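One structure below.
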Protein chains: 2
Amino acid sequence: MLRLSKITDYGVVILSCLAGRRDELLSASDLAGTTGISEANVAKVLKAAARGELVIGQRGTGGGYRLARPAAEISITDVVEAFEGPIALTACVDGGDGSCSVESFCAMRHNWDVVNQAVRDALNKVTLKDMATGRIHAMAPIIDFSPPGPVEDTPEVAAVET
Amino acid sequence: MLRLSKITDYGVVILSCLAGRRDELLSASDLAGTTGISEANVAKVLKAAARGELVIGQRGTGGGYRLARPAAEISITDVVEAFEGPIALTACVDGGDGSCSVESFCAMRHNWDVVNQAVRDALNKVTLKDMATGRIHAMAPIIDFSPPGPVEDTPEVAAVET
DNA sequence: AATTAATAGGACAGATTTAGTCCGATTACG
DNA sequence: CGTAATCGGACTAAATCTGTCCTATTAATT
């Protein structure tokens, strides 16, 4: 079901919370209070986020965390990839090792790559700022795969060939 | 990493294989031979696919499976949802039960819904026929969230408001 | 009628992954 | 020097996934 782990789920909530308070240092326990997530989990999430360079931690008395970049420049793709690694819907993607038992079928690999890219791009269009404040109103996600011919309904096609 | 379970992964391979041979009855062991997936797993996948009404099983001698619909009418969304249930990136979606500890933050729920829909739509554009034979060439997945204004670059916007 | 080839449904143990907690080390401020 | 924080990792329990097997059921063939 394309599930995200809870850590990532928490991450989006916590980072969105930080997004609203740019330039403020919020401690893990502050954020635990605000979000209702247990302090231990908030800490875990923030440590991971710091490693992923999404937030910057300030140690010591009065320390805390703040976003490493403006909220509008951190996408859901960034967050998801920081917590869960590269976005890929199938195991049959990264390094071309022989993990796929049936090489003949791996013409599909190319197609998966493109599908993965589409998902990545979709998530990339939503930023922490949107999650925190905005309201996403509509989307027109289009995967065009008409072989050589003209594009069906989107005039501007971002070629994603791998 | 937005991982699909292996069963679903197998499912796409196996169903794509069936997609090439419309109107033929292929047994589980046939497909195991073709795909290199163990017979037990192929059987498991096909049983699930039959329950999900993606394929139709014919019992008895000479029996086997065939796609329930033309390959071009079965999307990756269909397959994924058949094997893994509804596509949703966060737990905070279905039935509005109070599983989300922080109601105040669930303004995000709306945004997640839209993101989920975008992913669903992206996967919906790829069919088993494409996976089996075609080559997806490009995609332009767009999530537009400019609040009230006109759409950025796609003229035809499928309004996805929940 | 018996046999055989196939799907249908589910039970099951083992392996893997995830979730949540906790402890010690490090850093910075007063 | 003590306190308040981040940082890094270890650890256990729970949940999930994987792969296999067993037993029905169904249909064609002999």
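By convention in this document, the chains of the structure tokens carry letters A, B, ... by their order, each chain's residues are numbered from 1, and ligands are numbered from 1 in the order they are shown.
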**Message:** Give me the residues near range 5-7 of chain C as a count of residues only, where near means some atom within 12 Å (using only C-alpha atoms (C1' of nucleotides)) and where sequence neighbours in that chain fewer than 4 positions away do not count.
**Reply:** 30
Residue list for chain D near chain A as a compact mmCIF listing (two decimals) with N, CA and C atoms (P, O5', C5', C4', C3', O3' and C1' of nucleotides), in the first residue's frame, 8 Å, only C-alpha atoms (C1' of nucleotides):
```
# COMPACT_ATOMS: atom_id res chain seq x y z
P DT D 3 23.20 20.21 38.33
O5' DT D 3 22.32 20.83 37.15
C5' DT D 3 22.37 22.24 36.93
C4' DT D 3 22.04 22.52 35.48
C3' DT D 3 21.02 21.57 34.86
O3' DT D 3 20.05 22.31 34.16
C1' DT D 3 22.92 21.76 33.47
P DA D 4 18.65 21.62 33.79
O5' DA D 4 18.57 21.89 32.22
C5' DA D 4 18.88 23.18 31.70
C4' DA D 4 19.23 23.06 30.24
C3' DA D 4 18.28 22.14 29.46
O3' DA D 4 17.94 22.76 28.23
C1' DA D 4 20.52 21.44 29.15
P DA D 5 16.53 22.45 27.55
O5' DA D 5 17.01 22.16 26.14
C5' DA D 5 17.11 21.12 25.35
C4' DA D 5 18.48 21.02 24.69
C3' DA D 5 18.54 19.78 23.81
O3' DA D 5 18.00 20.09 22.56
C1' DA D 5 20.56 20.08 25.05
P DT D 6 17.45 18.87 21.67
O5' DT D 6 18.77 18.49 20.85
C5' DT D 6 19.42 19.50 20.10
C4' DT D 6 20.84 19.06 19.76
C3' DT D 6 20.94 17.95 18.71
O3' DT D 6 22.05 18.22 17.86
C1' DT D 6 21.99 17.24 20.70
P DC D 7 22.23 17.34 16.55
O5' DC D 7 22.99 16.03 17.05
C5' DC D 7 24.41 16.06 17.15
C4' DC D 7 24.93 14.68 17.56
C3' DC D 7 24.59 13.54 16.62
O3' DC D 7 25.81 12.99 16.15
C1' DC D 7 24.28 12.93 18.89
```
**Fill in**
One residue among B:Ala49, B:Ile87, B:Ile74, B:Ala68 is nearest to DA8 in chain C when using only C-alpha atoms (C1' of nucleotides), and that residue is B:Ala49
**Prompt:** Near Gln117 in chain A, within 9 Å and counting only C-alpha atoms (C1' of nucleotides), which residues show up once chain neighbours fewer than 3 positions away are dropped, as a count of residues only?
**Reply:** 10
**Request:** Can you check which residues of range 6-120 of chain B DSSP gives as alpha helix (DSSP H) on the backbone and send them as a PyMOL selection string?
**Result:** chain B and resi 6-19+28-35+39-51+76-84+107-120
Convert the current residue selection to file output with C-alpha atoms, as a PDB file, in the first residue's frame.
```
ATOM      1  CA  LYS B   6       7.592  -8.824  -3.277  1.00  0.00           C
ATOM      2  CA  ILE B   7       4.229 -10.364  -3.914  1.00  0.00           C
ATOM      3  CA  THR B   8       3.182  -7.228  -5.739  1.00  0.00           C
ATOM      4  CA  ASP B   9       6.458  -7.151  -7.552  1.00  0.00           C
ATOM      5  CA  TYR B  10       5.957 -10.696  -8.693  1.00  0.00           C
ATOM      6  CA  GLY B  11       2.425  -9.816  -9.533  1.00  0.00           C
ATOM      7  CA  VAL B  12       3.406  -7.183 -12.030  1.00  0.00           C
ATOM      8  CA  VAL B  13       5.843  -9.545 -13.701  1.00  0.00           C
ATOM      9  CA  ILE B  14       3.403 -12.402 -13.853  1.00  0.00           C
ATOM     10  CA  LEU B  15       0.476 -10.330 -14.990  1.00  0.00           C
ATOM     11  CA  SER B  16       2.620  -8.656 -17.596  1.00  0.00           C
ATOM     12  CA  CYS B  17       3.503 -12.079 -18.821  1.00  0.00           C
ATOM     13  CA  LEU B  18      -0.155 -12.947 -19.095  1.00  0.00           C
ATOM     14  CA  ALA B  19      -0.738  -9.661 -20.845  1.00  0.00           C
ATOM     15  CA  ALA B  28       0.809 -21.469 -12.598  1.00  0.00           C
ATOM     16  CA  SER B  29       3.625 -23.839 -13.465  1.00  0.00           C
ATOM     17  CA  ASP B  30       3.800 -22.502 -17.009  1.00  0.00           C
ATOM     18  CA  LEU B  31       4.252 -19.039 -15.622  1.00  0.00           C
ATOM     19  CA  ALA B  32       6.741 -20.221 -13.040  1.00  0.00           C
ATOM     20  CA  GLY B  33       8.823 -21.619 -15.859  1.00  0.00           C
ATOM     21  CA  THR B  34       8.599 -18.456 -17.878  1.00  0.00           C
ATOM     22  CA  THR B  35       9.327 -16.025 -15.107  1.00  0.00           C
ATOM     23  CA  GLU B  39       5.823 -22.249  -8.504  1.00  0.00           C
ATOM     24  CA  ALA B  40       4.454 -21.838  -4.999  1.00  0.00           C
ATOM     25  CA  ASN B  41       4.823 -18.105  -5.209  1.00  0.00           C
ATOM     26  CA  VAL B  42       3.355 -17.882  -8.654  1.00  0.00           C
ATOM     27  CA  ALA B  43       0.364 -19.805  -7.382  1.00  0.00           C
ATOM     28  CA  LYS B  44       0.029 -17.500  -4.407  1.00  0.00           C
ATOM     29  CA  VAL B  45       0.177 -14.438  -6.583  1.00  0.00           C
ATOM     30  CA  LEU B  46      -2.367 -15.752  -9.038  1.00  0.00           C
ATOM     31  CA  LYS B  47      -4.768 -16.736  -6.309  1.00  0.00           C
ATOM     32  CA  ALA B  48      -4.597 -13.226  -4.940  1.00  0.00           C
ATOM     33  CA  ALA B  49      -4.993 -11.793  -8.406  1.00  0.00           C
ATOM     34  CA  ALA B  50      -8.055 -13.946  -8.950  1.00  0.00           C
ATOM     35  CA  ARG B  51      -9.569 -12.735  -5.713  1.00  0.00           C
ATOM     36  CA  ILE B  76      -0.466  -0.512 -12.128  1.00  0.00           C
ATOM     37  CA  THR B  77      -2.788   1.143  -9.656  1.00  0.00           C
ATOM     38  CA  ASP B  78      -5.194  -1.750 -10.090  1.00  0.00           C
ATOM     39  CA  VAL B  79      -2.454  -4.262  -9.530  1.00  0.00           C
ATOM     40  CA  VAL B  80      -0.939  -2.533  -6.551  1.00  0.00           C
ATOM     41  CA  GLU B  81      -4.286  -2.003  -4.894  1.00  0.00           C
ATOM     42  CA  ALA B  82      -5.299  -5.586  -5.515  1.00  0.00           C
ATOM     43  CA  PHE B  83      -2.234  -6.870  -3.727  1.00  0.00           C
ATOM     44  CA  GLU B  84      -1.662  -4.236  -1.106  1.00  0.00           C
ATOM     45  CA  ALA B 107      -4.897  20.035   8.274  1.00  0.00           C
ATOM     46  CA  MET B 108      -2.185  18.025   6.630  1.00  0.00           C
ATOM     47  CA  ARG B 109      -4.580  15.242   6.034  1.00  0.00           C
ATOM     48  CA  HIS B 110      -6.115  17.097   3.189  1.00  0.00           C
ATOM     49  CA  ASN B 111      -2.723  17.653   1.652  1.00  0.00           C
ATOM     50  CA  TRP B 112      -1.804  14.011   2.036  1.00  0.00           C
ATOM     51  CA  ASP B 113      -5.012  13.049   0.338  1.00  0.00           C
ATOM     52  CA  VAL B 114      -4.093  15.122  -2.655  1.00  0.00           C
ATOM     53  CA  VAL B 115      -0.574  13.773  -2.743  1.00  0.00           C
ATOM     54  CA  ASN B 116      -1.899  10.257  -2.549  1.00  0.00           C
ATOM     55  CA  GLN B 117      -4.242  10.942  -5.389  1.00  0.00           C
ATOM     56  CA  ALA B 118      -1.370  12.229  -7.468  1.00  0.00           C
ATOM     57  CA  VAL B 119       0.599   9.072  -6.901  1.00  0.00           C
ATOM     58  CA  ARG B 120      -2.431   6.984  -7.668  1.00  0.00           C
TER      59      ARG B 120
END
```
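When the distance limit is 8 Å and only C-alpha atoms (C1' of nucleotides) are what count, the residues near Arg22 in chain B, minus those fewer than 5 positions from it on the same chain, are B:Arg66, B:Leu67, B:Pro70, B:Ala71.
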